[in-house]
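Student: What follows is a single structure, and I will ask about it in a moment.
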Amino acid sequence: MSKLLKVIASTGILTLAKMAMGFAIAKVVAIYTGPAGMALLGQIQGFITSLTGIINAPVSNGIIRYTSEQKKNGFTECSPWWRASILWVLTIFLVMLPFSLLASRSIATYFFGDIKYSWVINLVVFLLPISAFGTLLLSIINGLQNFRRFIILNFVSVLTSSIVMIFLIIKYNITGAIIAAAIQTALIGVIILLSNIGQQWLGIKYFIGTVHFAEFKGIGKYVLMAMTSALVMPISLLIVRNLLVQYTGWQGTGLWQAVWKISEVYLGVITIALSTYYLPKLSQLSDIDNILKEIISTTKVIIPIISLIAVTVFLFRDLLISILFTNEFREARNLFAIQLVGDVIKIVAWLFAFPMLSRGAVKWYLLTELFFGVVFISLSFILIPIFMLHGANYAYLLSYIIYGVIVITKIRTFAA
C-alpha cells in the first residue's frame with residue numbers, strides 16, 4: 001500500500017496542476033462567455049470526449065494490461081499488441097471520417113443548437129489519429145509502470161495545452177474556447193510524441209509489422225469496452241443537458257455544468273491513481289481471492305481520501321465559486337451536496353468494477369455500462385421535471401447506487 005500512497009501523492013500533485021489549469025480555464029470561460037457559454041462549451045466538450053474516447057478505445061486499458069503482463073519478456077513481446085492497437089485506430093478512423101463529413105450538420109443542429117458548429121466535428125475527427133497515438137504512448141509508459149515519466153509527461157502536456165486554451169479563449173471568446181477544445185487532445189498527442197523521441201521502446205519496428213489475429217482480437221475486446229464507455233456517459237450527459245436546457249434554460253444548465261466540472265476535476269486525483277497503479281496491479285493477479293484482497297486494501301485507502309476531498313469541496317464551495325466563476329454562478333452552491341455524495345458512491349463502485357477491465361470481462365462490462373446509461377437517462381427524465389436542476393443530481397446519485405450494488409454483489413462472477 002505504500003506504493004499506492006506514493007502514486008496517489010504523485011498523481012495528487014499532477015491533479016492539483018490539472019485542477020489549477022481546469023479552474024483557470026473555467027474562470028476564463030465564465031468571465032468571457034457566462035453560464036450560457038459554459039453550457040454550450042460543456043455540450044461541445046462532451047461530444048469531443050465521445051469522439052476521442054472512440055478513437056482511443058484500442059490504445060488505452062488494453063495496452064496498459066498487455067504491456068504490464070508482457071514487459072518482463074521485453075519490448076518484442078509487447079509490440080504485437082501495440083501494432084494491433086494501431087490497426088484498430090486506423091480502421092475506426094476510416095469509418096468515422098466519412099460519417100462525420102456526412103452527418104456533422106445534423107449533429108451540430110441537434111446537440112449544439114446551431115448548424116454553424118458543424119466545422120467543430122470535422123476538425124476534431126481530422127485530428128483524432130494524433131490524439132490516439134499520444135494516448136498509445138502514455139498507455140505504454142503506464143503499462144511499463146514508469147510512473148514518474150507518466151506523471152511528468154501528463155503535467156507538461158496539461159500545462160502547455162491549458163496555456164494555449166486560455167490564450168484562445170481570451171483572444172477569440174467562445175469561438176476560441178471551441179477551437180481550443182477541438183485541438184486540445186491532438187496538441188497533447190504531439191507533445192507526448194516529441195517528449196518520447198529517443199526512448200528505447202519507441203522504435204519503428206515495434207509499431208509497424210505483421211498483426212496476428214490473436215492480438216487483434218484481444219485488443220478488440222478492449223475496443224468494445226472503451227467505445228461503450230466513450231459513448232454511454234458522454235451521450236447520457238448530452239441528453240441530460242438537453243433536458244435541463246428544456247426545463248431550466250442555458251443559464252440554469254450552466255450552473256449545473258459548473259458543479260459537474262468541479263467534481264470532474266477533483267475526482268481526477270483518484271481516477272488517475274487508479275489507472276496508473278490499480279489497473280496494472282490487478283492485471284498481474286489471476287486468483288479471485290487475491291483480486292478481492294487487493295480491492296479491499298485499496299478501498300481502505302481510497303475511500304477516506306475521496307470522502308475528505310468531497311467534504312472539503314462542500315465546505316468551501318462558496319469560495320470555489322467566487323474564485324473559479326463569477327457572481328452569475330452563485331446559485332450553484334445549492335447543487336453540491338447530492339453531487340458530492342454521488343461522487344463518493346461512484347468511486348466505490350468503480351473500485352469493484354475495475355476487475356472487468358483487468359480480466360477482460362467484456363459481456364459484464366458492456367451490460368453494466370449500458371444499464372447505467374439507461375438508468376441515468378430514465379431517472380433524469382423522471383426527476384428533472386419534478387426537481388429541476390436537483391433532479392439531475394438525484395438521478396446521478398441513484399444510478400451509481402444501483403450500479404454499485406450490482407458490481408459488488410456480482411464481482412466473484414466477472415472477476416473469476
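Order determines the names: the first chain of the C-alpha cells is A, the second B, and so forth; residues in each chain are numbered 1 upward, and ligands are numbered 1 upward as they are shown.
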Excluding same-chain residues fewer than 2 positions from Met38 in chain A, what lies within 9 Å of it counting only C-alpha atoms, as a PyMOL selection string?

Tutor: chain A and resi 26+29-30+33-36+40-43+174+250-251+253-255+257-258

Student: Extract, using only C-alpha atoms, all DNA, RNA and protein residues at most 6 Å from Ala353 in chain A, discarding same-chain residues fewer than 3 positions from it, and format them as a tab-separated table (two decimals) with N, CA and C atoms, in the first residue's frame.

Tutor:
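Writing the result to result-v7.tsv gives the following:
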```tsv
chain	number	residue	atom	x	y	z
A	350	TRP	N	-16.60	2.01	-8.81
A	350	TRP	CA	-15.50	1.82	-9.76
A	350	TRP	C	-14.43	0.88	-9.22
A	356	MET	N	-13.34	-5.94	-14.19
A	356	MET	CA	-13.89	-6.17	-15.53
A	356	MET	C	-12.86	-5.81	-16.59
A	407	VAL	N	-22.31	-4.39	-9.16
A	407	VAL	CA	-20.92	-4.84	-9.34
A	407	VAL	C	-20.36	-5.45	-8.06
```

Student: So that I can check the surroundings of Val311 in chain A, please list as a VMD selection string every protein, DNA and RNA residue that reaches within 12 Å of it, counting only C-alpha atoms and ignoring chain neighbours fewer than 5 positions away.

Tutor: chain A and resid 263 266 304 to 306 316 to 317 336 to 341 343 to 344

Student: Would you export the selected residues with C-alpha atoms as a compact mmCIF listing (two decimals), in the first residue's frame, please?

Tutor:
```txt
# COMPACT_ATOMS: atom_id res chain seq x y z
CA SER A 263 -16.47 17.22 -9.49
CA TYR A 266 -11.20 16.84 -8.25
CA PRO A 304 -11.22 8.10 3.27
CA ILE A 305 -9.27 10.24 0.82
CA ILE A 306 -12.15 10.84 -1.60
CA PHE A 316 -15.52 25.67 0.70
CA ARG A 317 -17.99 25.67 -2.20
CA PHE A 336 -23.17 20.45 -4.45
CA ALA A 337 -24.45 18.17 -1.66
CA ILE A 338 -26.09 15.38 -3.69
CA GLN A 339 -23.47 15.63 -6.43
CA LEU A 340 -20.61 15.07 -3.96
CA VAL A 341 -22.33 12.10 -2.30
CA ASP A 343 -19.08 11.15 -6.46
CA VAL A 344 -18.09 9.07 -3.43
```

Student: Here is a test: counting only C-alpha atoms, which residue of A:Val95, A:Ile152, A:Ile31, A:Val269 is nearest to Ile191 in chain A?

Tutor: A:Ile152

Student: Distance CA of Thr175 in chain A-CA of Ile48 in chain A, one decimal place?

Tutor: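 So the answer is 15.2 Å.
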
Student: Please report, as a Markdown table, each residue of range 49-156 of chain A lying at most 12 Å from range 285-296 of chain A, together with the nearest pair of atoms and the separation in Å rounded to one decimal; use only C-alpha atoms, and order rows by chain and ascending residue number.

Tutor:
```
| residue | atom | partner | partner_atom | distance |
| --- | --- | --- | --- | --- |
| A:Arg65 | CA | A:Leu285 | CA | 11.0 |
| A:Ser68 | CA | A:Leu285 | CA | 11.2 |
| A:Glu69 | CA | A:Leu285 | CA | 9.8 |
```

Student: Would you mind telling me which residue in A:Ile270, A:Ala349, A:Val211, A:Ile302 lies nearest to Gly404 in chain A when using only C-alpha atoms?

Tutor: A:Ala349

Student: Quick one: of A:Ile377, A:Leu324, A:Ala186, A:Ala108, who's nearest to Val259 in chain A, counting only C-alpha atoms?

Tutor: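 Smallest distance to Val259 in chain A is found for A:Leu324.
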
Student: Restricting the calculation to only C-alpha atoms: of A:Gly391, A:Leu137, A:Phe376, A:Tyr403, which residue gets closest to Ile197 in chain A?

Tutor: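 Answer, going by the shortest atom-to-atom distance: A:Leu137.
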
Student: Got a sec: who's within 9 Å of Leu101 in chain A, counting only C-alpha atoms, leaving out chain neighbours fewer than 5 positions off, as a list of chain:residue names?

Tutor: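 Close residues of Leu101 in chain A: A:Met96, A:Ser118, A:Ile121, A:Asn122.
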
Student: For a test of reading the model, state the distance in Å between CA of Ser85 in chain A and CA of Leu153 in chain A, rounded to one decimal.

Tutor: 21.3 Å

Student: Which one of A:Gly37, A:Pro58, A:Gly373, A:Pro385 sits closest to Lys221 in chain A if you count only C-alpha atoms?

Tutor: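 Closest residue, counting only C-alpha atoms: A:Pro58.
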
Student: Residues near Ser358 in chain A, anyone? I mean within 10 Å using only C-alpha atoms, not counting same-chain ones fewer than 2 positions away, as an MDAnalysis selection string.

Tutor: chainID A and resid 61:62 64:66 278:286 291 353:356 360:361 415

Student: Would you pick out the contacts of Thr52 in chain A at 8 Å or less, using only C-alpha atoms, so that residues sharing its chain but fewer than 4 positions from it are not included, and give the list as an MDAnalysis selection string?

Tutor: chainID A and resid 48 56 128 131:132 185 230

Student: In Å to one decimal, how far is CA of Val374 in chain A from CA of Gly252 in chain A?

Tutor: 23.7 Å

Student: Give one line per residue of range 126-175 of chain A that approaches range 202-205 of chain A to at most 12 Å, naming the two atoms of the closest pair and their distance in Å to one decimal, counting only C-alpha atoms; sort by chain then ascending residue number and deliver it as CSV.

Tutor:
```
residue,atom,partner,partner_atom,distance
A:Phe133,CA,A:Leu202,CA,11.6
A:Leu136,CA,A:Leu202,CA,11.0
A:Leu137,CA,A:Leu202,CA,8.5
A:Leu138,CA,A:Leu202,CA,11.6
A:Ile140,CA,A:Leu202,CA,9.8
A:Ile141,CA,A:Leu202,CA,10.6
```

Student: Using only N, CA, C and O atoms, please write the residues we just selected to a file, as an mmCIF file, in the first residue's frame.

Tutor:
```cif
data_model
loop_
_atom_site.group_PDB
_atom_site.id
_atom_site.type_symbol
_atom_site.label_atom_id
_atom_site.label_comp_id
_atom_site.auth_asym_id
_atom_site.auth_seq_id
_atom_site.Cartn_x
_atom_site.Cartn_y
_atom_site.Cartn_z
ATOM 1 N N PHE A 133 -2.405 8.381 -31.037
ATOM 2 C CA PHE A 133 -1.008 7.966 -30.912
ATOM 3 C C PHE A 133 -0.406 8.477 -29.609
ATOM 4 O O PHE A 133 0.369 7.773 -28.953
ATOM 5 N N LEU A 136 -1.616 6.175 -26.968
ATOM 6 C CA LEU A 136 -0.894 4.893 -27.051
ATOM 7 C C LEU A 136 0.435 4.986 -26.306
ATOM 8 O O LEU A 136 0.783 4.090 -25.514
ATOM 9 N N LEU A 137 1.178 6.049 -26.538
ATOM 10 C CA LEU A 137 2.480 6.197 -25.894
ATOM 11 C C LEU A 137 2.339 6.317 -24.378
ATOM 12 O O LEU A 137 3.108 5.724 -23.619
ATOM 13 N N LEU A 138 1.346 7.072 -23.923
ATOM 14 C CA LEU A 138 1.107 7.192 -22.476
ATOM 15 C C LEU A 138 0.710 5.850 -21.868
ATOM 16 O O LEU A 138 1.130 5.517 -20.758
ATOM 17 N N ILE A 140 1.564 2.879 -22.945
ATOM 18 C CA ILE A 140 2.763 2.041 -22.894
ATOM 19 C C ILE A 140 3.597 2.395 -21.662
ATOM 20 O O ILE A 140 4.048 1.514 -20.924
ATOM 21 N N ILE A 141 3.792 3.685 -21.451
ATOM 22 C CA ILE A 141 4.561 4.134 -20.277
ATOM 23 C C ILE A 141 3.885 3.670 -18.994
ATOM 24 O O ILE A 141 4.546 3.226 -18.047
#
```

Student: Fewer than 5 positions away in the same chain doesn't count, so skip those; otherwise give me all residues within 12 Å of Tyr247 in chain A, counting only C-alpha atoms, as a list in words.

Tutor: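 Here the qualifying residues turn out to be Val240, Arg241, Asn242, Gly252, Thr253, Ser380, Phe381, Leu383, Ile384, Pro385, Ile386, Phe387, Met388, Leu389, His390, Gly391 and Ala392 of chain A.
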